[in-house]
Structure formats: structure tokens, C-alpha cells
Amino acid sequence: ERPKTIVTRKLPAQVEARMAELFDAEFNADDTPMSEDALKNAVARADVLVPTLTDDISKDVLASAGPQLRLIANFGVGVDHIDLAAARARDIPVTNTPGVLTEDTADMVMGLIISVPRRLAEGEKFVRAGKWRGWAPTGMLGHRVNGKKLGIVGMGRIGQAIARRASGFGIAIDYHNRHRLPEAVEQTLGATWRENLDDMLADIDILSINCPYTAETHHLLNEKRLGLLGRDVYVINAARGEIINEEALTDALEKGAIAGAGLDVYENEPDIGERLLALENVVLLPHLGSATFEGREAMGDKVIANIRIWADGHRPPDQVLEGWA
Ligand code: GLV
Ligand code: GLV
């Protein structure tokens, strides 16, 4: 019996074709995000739910799950939109897609690390607006990134991939992570562990947020911590919007208390505050971190592998273990 697999959003065509071959799969052809009721209806019928980050898989939604729901195979690495404790309480394993979006996300973060201090997005808009009058010795100057210090918050796969890239640009790397990396890894990355986040914030030129969003990292970058950053500091976030207090960040940017920001994620996607939209020293992207054809297909392959291995009676390889310890 092929598992009844409900997929909440449209996935790349090759991925859906493979799923249709292997599973009794139901897709979301018009790709509208499912309402809470639609999600409740899905978990009441599915053996396997394939949600993604735009779905709120809350305790309430999971309360509608039928006894046949045996796996949540998330399309994506972050699982903050799934109530893991509620899934655990029902013995429903949750899997994600680590590894396959690491390099793409790190590339995009590097893009922001260059774009914001060098004013690339602003310059592009300037040209298109017909405002450019030719090269000038003092025209649209930004700040050099070579020789600066990057502080990475969250040194998992993505954080490490950013460190490897940034080293090539001559940027020094400090990192804050719950656990210190093995010394050999630190040496290879040329990265210095900072046990104290606040001390690190006071001592860097560029900040990149790359930790998961959890109860502990909600508003990790709050008004007080933003206040520790120097006036020349750039803030980059391609993790989750809720890790930064967006209002406090906007205040800091408006006041010139920090130099600029590069954001790929927001607290209330897809809504972005008017005040943030009005700022020049900010590059705003529409959550593009993993948005490559190659990456999204590989994410689909991971979802399929997890479902198949689970359906064969084994523990799926990418089971998220938080809450299962
Ligand atoms: C993207 O943001 C993901 O979590 O996969
Ligand atoms: C992503 O795959 C991470 O673990 O950082």
C-alpha cells in the first residue's frame, strides 16, 4: 500500500512526478498556502504530510491528525513552523532537508555581505532611475569588506560555509555557537569562538545570523544587543526573521546607530514594515536563500528518501531529534 502523501505547496515538477510514481500523492496545483482548516483536513487524511515553512503546523492542527498520520517530512531545513513537542507527543517523527541548501544559502549571504557595504542594490536602482551622471571620485562610496571582521551567530553547516567563503575575501571570522567547534575545524575555517555573544557583538564589523529559530533565539538580537553594535556595523539575516526584533532593528537603522542591513527573512513574511521599506541602507530580498533549481530539486529528493526509508520500516535519516532525546 503506497502511503497517502499530502504535499502542501507546489514543488518542482520532477519532484512531484517522482512522488506521484512512488506514493499515493496529493498536490496543491494552484499553490495557494493552505488555511488552518485545509491543514487540519490534510492531517486527518494523510499518512505522510509534506509541509513547508509557510505552513503553521501548530498543536491545534496536529490535534486534528488521524491515527494514520505517521510522518511529517518537511520540505526545508528550518522546522520552527512545526510544533515539535506536539508531534513528539503523538509519536509522529518530523524530518527536514539538511545539507542540500547549505552552499546556496551561504552564497546568498556572501552576496548580501558584499551588496550592502558596497551599495550594489542602491547603485542598480540609481542607474535605472536615470540618475547616474558618470564616474566621480566621491560618488556613491561604500565601505571595504576586506580586512573587516565578521561575527557569525550559529555555526552549523550554513555558518561554516559562510566562514569558508568570507576567508577568501580576507574577512576575519568570529563565531558564537552554543557548542564550540572542534579545534581542528576552527583552524581550518580560521574562526575564533566567542563564548559571550554580547562581547562578540561589540567587536565586529559585520554580523550574520545563521542559527535556527527556537524559543531561545526569539528576538536574540533585541534592542539591547543591537545597542552593542558599532555605528559602522552591517547586519545580515538569512535565517529567520523572528531572531531579530525587526522594529528595534528598524529604529537602529533609522537613527544611524548601525550602518545597514541585508535581509532575506522577516518577522511577518511576506509583510515588511513601511519604515524598513523606506530605508536606503538596506537590501531586502524575498526569502531566496535556497532558491536554486538544483537546491529545490535536491530538497525534494531528500523528502522522498526520508519517506521511502520510513515506509520501509527504518528510521528516516533526517529525523529532527529535538524533543525526542
Ligand atoms: C528555508 O528557509 C528553509 O528552512 O529551508
Ligand atoms: C543547515 O543545513 C545548517 O545546519 O546550518
# chains A, B, ... in the order shown; residues from 1 in each chain; ligands from 1
$ residues_near_ligand --ligand "ligand 2" --cutoff "10 Å" --atoms "only C-alpha atoms and all ligand atoms" --output "list in words"
Gly76, Val77, Gly78, Asn96, Thr97, Pro98, Gly99, Val100, Leu101, Thr102, Glu103, Thr105, Ala106, Gly154, Met155, Gly156, Arg157, Ile158, Gly159, Gln160, Ala161, Asn210, Cys211, Pro212 and Ala239 of chain A
$ select_by_dssp --residues "stretch 132-245 of chain A" --states "helix (DSSP H, G or I)" --output "JSON, numbers by chain"
{"A": [157, 158, 159, 160, 161, 162, 163, 164, 165, 166, 167, 168, 183, 184, 185, 186, 187, 188, 189, 197, 198, 199, 200, 201, 223, 224, 225, 226, 241, 242, 243]}
$ write_last_selection --atoms "N, CA and C atoms" --output "mmCIF file, in the first residue's frame"
data_model
loop_
_atom_site.group_PDB
_atom_site.id
_atom_site.type_symbol
_atom_site.label_atom_id
_atom_site.label_comp_id
_atom_site.auth_asym_id
_atom_site.auth_seq_id
_atom_site.Cartn_x
_atom_site.Cartn_y
_atom_site.Cartn_z
ATOM 1 N N ARG A 157 26.071 24.053 9.574
ATOM 2 C CA ARG A 157 26.569 23.863 8.198
ATOM 3 C C ARG A 157 26.627 25.178 7.445
ATOM 4 N N ILE A 158 25.540 25.956 7.563
ATOM 5 C CA ILE A 158 25.474 27.200 6.791
ATOM 6 C C ILE A 158 26.503 28.202 7.314
ATOM 7 N N GLY A 159 26.591 28.358 8.616
ATOM 8 C CA GLY A 159 27.565 29.279 9.204
ATOM 9 C C GLY A 159 28.984 28.934 8.758
ATOM 10 N N GLN A 160 29.297 27.652 8.776
ATOM 11 C CA GLN A 160 30.645 27.221 8.371
ATOM 12 C C GLN A 160 30.896 27.477 6.888
ATOM 13 N N ALA A 161 29.864 27.271 6.074
ATOM 14 C CA ALA A 161 30.022 27.510 4.632
ATOM 15 C C ALA A 161 30.243 29.004 4.357
ATOM 16 N N ILE A 162 29.632 29.866 5.170
ATOM 17 C CA ILE A 162 29.858 31.312 5.037
ATOM 18 C C ILE A 162 31.291 31.646 5.451
ATOM 19 N N ALA A 163 31.753 31.025 6.544
ATOM 20 C CA ALA A 163 33.121 31.281 7.021
ATOM 21 C C ALA A 163 34.138 30.917 5.932
ATOM 22 N N ARG A 164 33.921 29.783 5.257
ATOM 23 C CA ARG A 164 34.862 29.375 4.194
ATOM 24 C C ARG A 164 34.911 30.422 3.087
ATOM 25 N N ARG A 165 33.755 30.924 2.715
ATOM 26 C CA ARG A 165 33.714 31.943 1.657
ATOM 27 C C ARG A 165 34.340 33.260 2.117
ATOM 28 N N ALA A 166 33.953 33.689 3.315
ATOM 29 C CA ALA A 166 34.402 35.001 3.795
ATOM 30 C C ALA A 166 35.921 35.044 3.930
ATOM 31 N N SER A 167 36.539 33.919 4.319
ATOM 32 C CA SER A 167 38.004 33.864 4.424
ATOM 33 C C SER A 167 38.642 34.225 3.092
ATOM 34 N N GLY A 168 38.039 33.772 2.012
ATOM 35 C CA GLY A 168 38.559 34.069 0.675
ATOM 36 C C GLY A 168 38.496 35.548 0.333
ATOM 37 N N GLU A 183 38.701 21.979 17.613
ATOM 38 C CA GLU A 183 39.782 22.917 17.324
ATOM 39 C C GLU A 183 40.274 22.792 15.888
ATOM 40 N N ALA A 184 40.325 21.563 15.389
ATOM 41 C CA ALA A 184 40.813 21.356 14.014
ATOM 42 C C ALA A 184 39.892 22.046 13.010
ATOM 43 N N VAL A 185 38.584 22.018 13.285
ATOM 44 C CA VAL A 185 37.621 22.679 12.384
ATOM 45 C C VAL A 185 37.795 24.195 12.479
ATOM 46 N N GLU A 186 37.950 24.686 13.703
ATOM 47 C CA GLU A 186 38.185 26.134 13.887
ATOM 48 C C GLU A 186 39.407 26.575 13.104
ATOM 49 N N GLN A 187 40.459 25.754 13.164
ATOM 50 C CA GLN A 187 41.695 26.125 12.478
ATOM 51 C C GLN A 187 41.511 26.146 10.970
ATOM 52 N N THR A 188 40.835 25.120 10.455
ATOM 53 C CA THR A 188 40.595 25.067 9.004
ATOM 54 C C THR A 188 39.788 26.281 8.553
ATOM 55 N N LEU A 189 38.802 26.663 9.362
ATOM 56 C CA LEU A 189 37.946 27.798 8.999
ATOM 57 C C LEU A 189 38.601 29.131 9.346
ATOM 58 N N LEU A 197 28.154 36.147 23.563
ATOM 59 C CA LEU A 197 27.587 36.814 22.381
ATOM 60 C C LEU A 197 27.732 38.331 22.472
ATOM 61 N N ASP A 198 27.413 38.892 23.645
ATOM 62 C CA ASP A 198 27.447 40.349 23.779
ATOM 63 C C ASP A 198 28.853 40.900 23.525
ATOM 64 N N ASP A 199 29.867 40.204 24.041
ATOM 65 C CA ASP A 199 31.249 40.633 23.802
ATOM 66 C C ASP A 199 31.570 40.604 22.313
ATOM 67 N N MET A 200 31.085 39.557 21.629
ATOM 68 C CA MET A 200 31.363 39.467 20.195
ATOM 69 C C MET A 200 30.693 40.616 19.447
ATOM 70 N N LEU A 201 29.445 40.921 19.814
ATOM 71 C CA LEU A 201 28.701 41.975 19.108
ATOM 72 C C LEU A 201 29.429 43.318 19.175
ATOM 73 N N GLU A 223 16.737 45.049 21.262
ATOM 74 C CA GLU A 223 17.177 46.438 21.307
ATOM 75 C C GLU A 223 18.509 46.588 22.050
ATOM 76 N N LYS A 224 18.626 45.861 23.154
ATOM 77 C CA LYS A 224 19.832 45.970 23.975
ATOM 78 C C LYS A 224 21.058 45.473 23.214
ATOM 79 N N ARG A 225 20.916 44.328 22.564
ATOM 80 C CA ARG A 225 22.070 43.772 21.836
ATOM 81 C C ARG A 225 22.384 44.599 20.593
ATOM 82 N N LEU A 226 21.341 45.120 19.933
ATOM 83 C CA LEU A 226 21.598 46.000 18.785
ATOM 84 C C LEU A 226 22.424 47.198 19.234
ATOM 85 N N GLY A 241 13.359 35.616 10.368
ATOM 86 C CA GLY A 241 13.113 36.992 10.765
ATOM 87 C C GLY A 241 12.928 37.174 12.251
ATOM 88 N N GLU A 242 12.290 36.199 12.891
ATOM 89 C CA GLU A 242 11.929 36.344 14.306
ATOM 90 C C GLU A 242 13.141 36.345 15.238
ATOM 91 N N ILE A 243 14.318 36.016 14.717
ATOM 92 C CA ILE A 243 15.517 36.028 15.558
ATOM 93 C C ILE A 243 15.922 37.469 15.881
#
$ residues_around --residues "A:Arg194" --least-positions-apart "5" --cutoff "12 Å" --atoms "only C-alpha atoms" --output "count of residues only"
22
$ closest_residue --among "A:Leu84, A:Leu11, A:Ala172, A:Val235" --to "A:Ala298" --atoms "only C-alpha atoms"
A:Leu11
$ closest_residue --among "A:Leu141, A:Leu263, A:Ala46, A:Ile82" --to "A:Tyr213" --atoms "only C-alpha atoms"
A:Ile82
$ residues_around --residues "A:Asn268" --least-positions-apart "2" --cutoff "12 Å" --atoms "only C-alpha atoms" --output "list in words"
Thr54, Arg240, Gly241, Glu242, Ile243, Ile244, Asn245, Glu246, Glu247, Val265, Tyr266, Pro270, Asp271, Ile272, Gly273, Pro286 and His287 of chain A
$ residues_around --residues "A:Val109" --least-positions-apart "2" --cutoff "9 Å" --atoms "only C-alpha atoms" --output "list in words"
Asp104, Thr105, Ala106, Asp107, Gly111, Leu112, Ile113, Ile114, Ile162, Ser208, Ile236, Asn237, Ala238, Gly262, Asp264 and Gly289 of chain A
$ write_last_selection --atoms "C-alpha atoms" --output "mmCIF file, in the first residue's frame"
data_model
loop_
_atom_site.group_PDB
_atom_site.id
_atom_site.type_symbol
_atom_site.label_atom_id
_atom_site.label_comp_id
_atom_site.auth_asym_id
_atom_site.auth_seq_id
_atom_site.Cartn_x
_atom_site.Cartn_y
_atom_site.Cartn_z
ATOM 1 C CA ASP A 104 23.256 28.098 -1.913
ATOM 2 C CA THR A 105 22.304 29.881 1.288
ATOM 3 C CA ALA A 106 25.951 30.676 2.054
ATOM 4 C CA ASP A 107 26.392 32.084 -1.472
ATOM 5 C CA GLY A 111 26.061 38.329 -1.827
ATOM 6 C CA LEU A 112 24.482 40.412 0.932
ATOM 7 C CA ILE A 113 27.818 40.834 2.728
ATOM 8 C CA ILE A 114 29.150 42.442 -0.458
ATOM 9 C CA ILE A 162 29.858 31.312 5.037
ATOM 10 C CA SER A 208 25.448 37.316 10.128
ATOM 11 C CA ILE A 236 22.811 40.276 7.662
ATOM 12 C CA ASN A 237 19.934 37.854 8.273
ATOM 13 C CA ALA A 238 19.109 34.914 6.025
ATOM 14 C CA GLY A 262 20.849 42.842 4.336
ATOM 15 C CA ASP A 264 16.318 37.778 3.284
ATOM 16 C CA GLY A 289 18.367 31.647 0.468
#
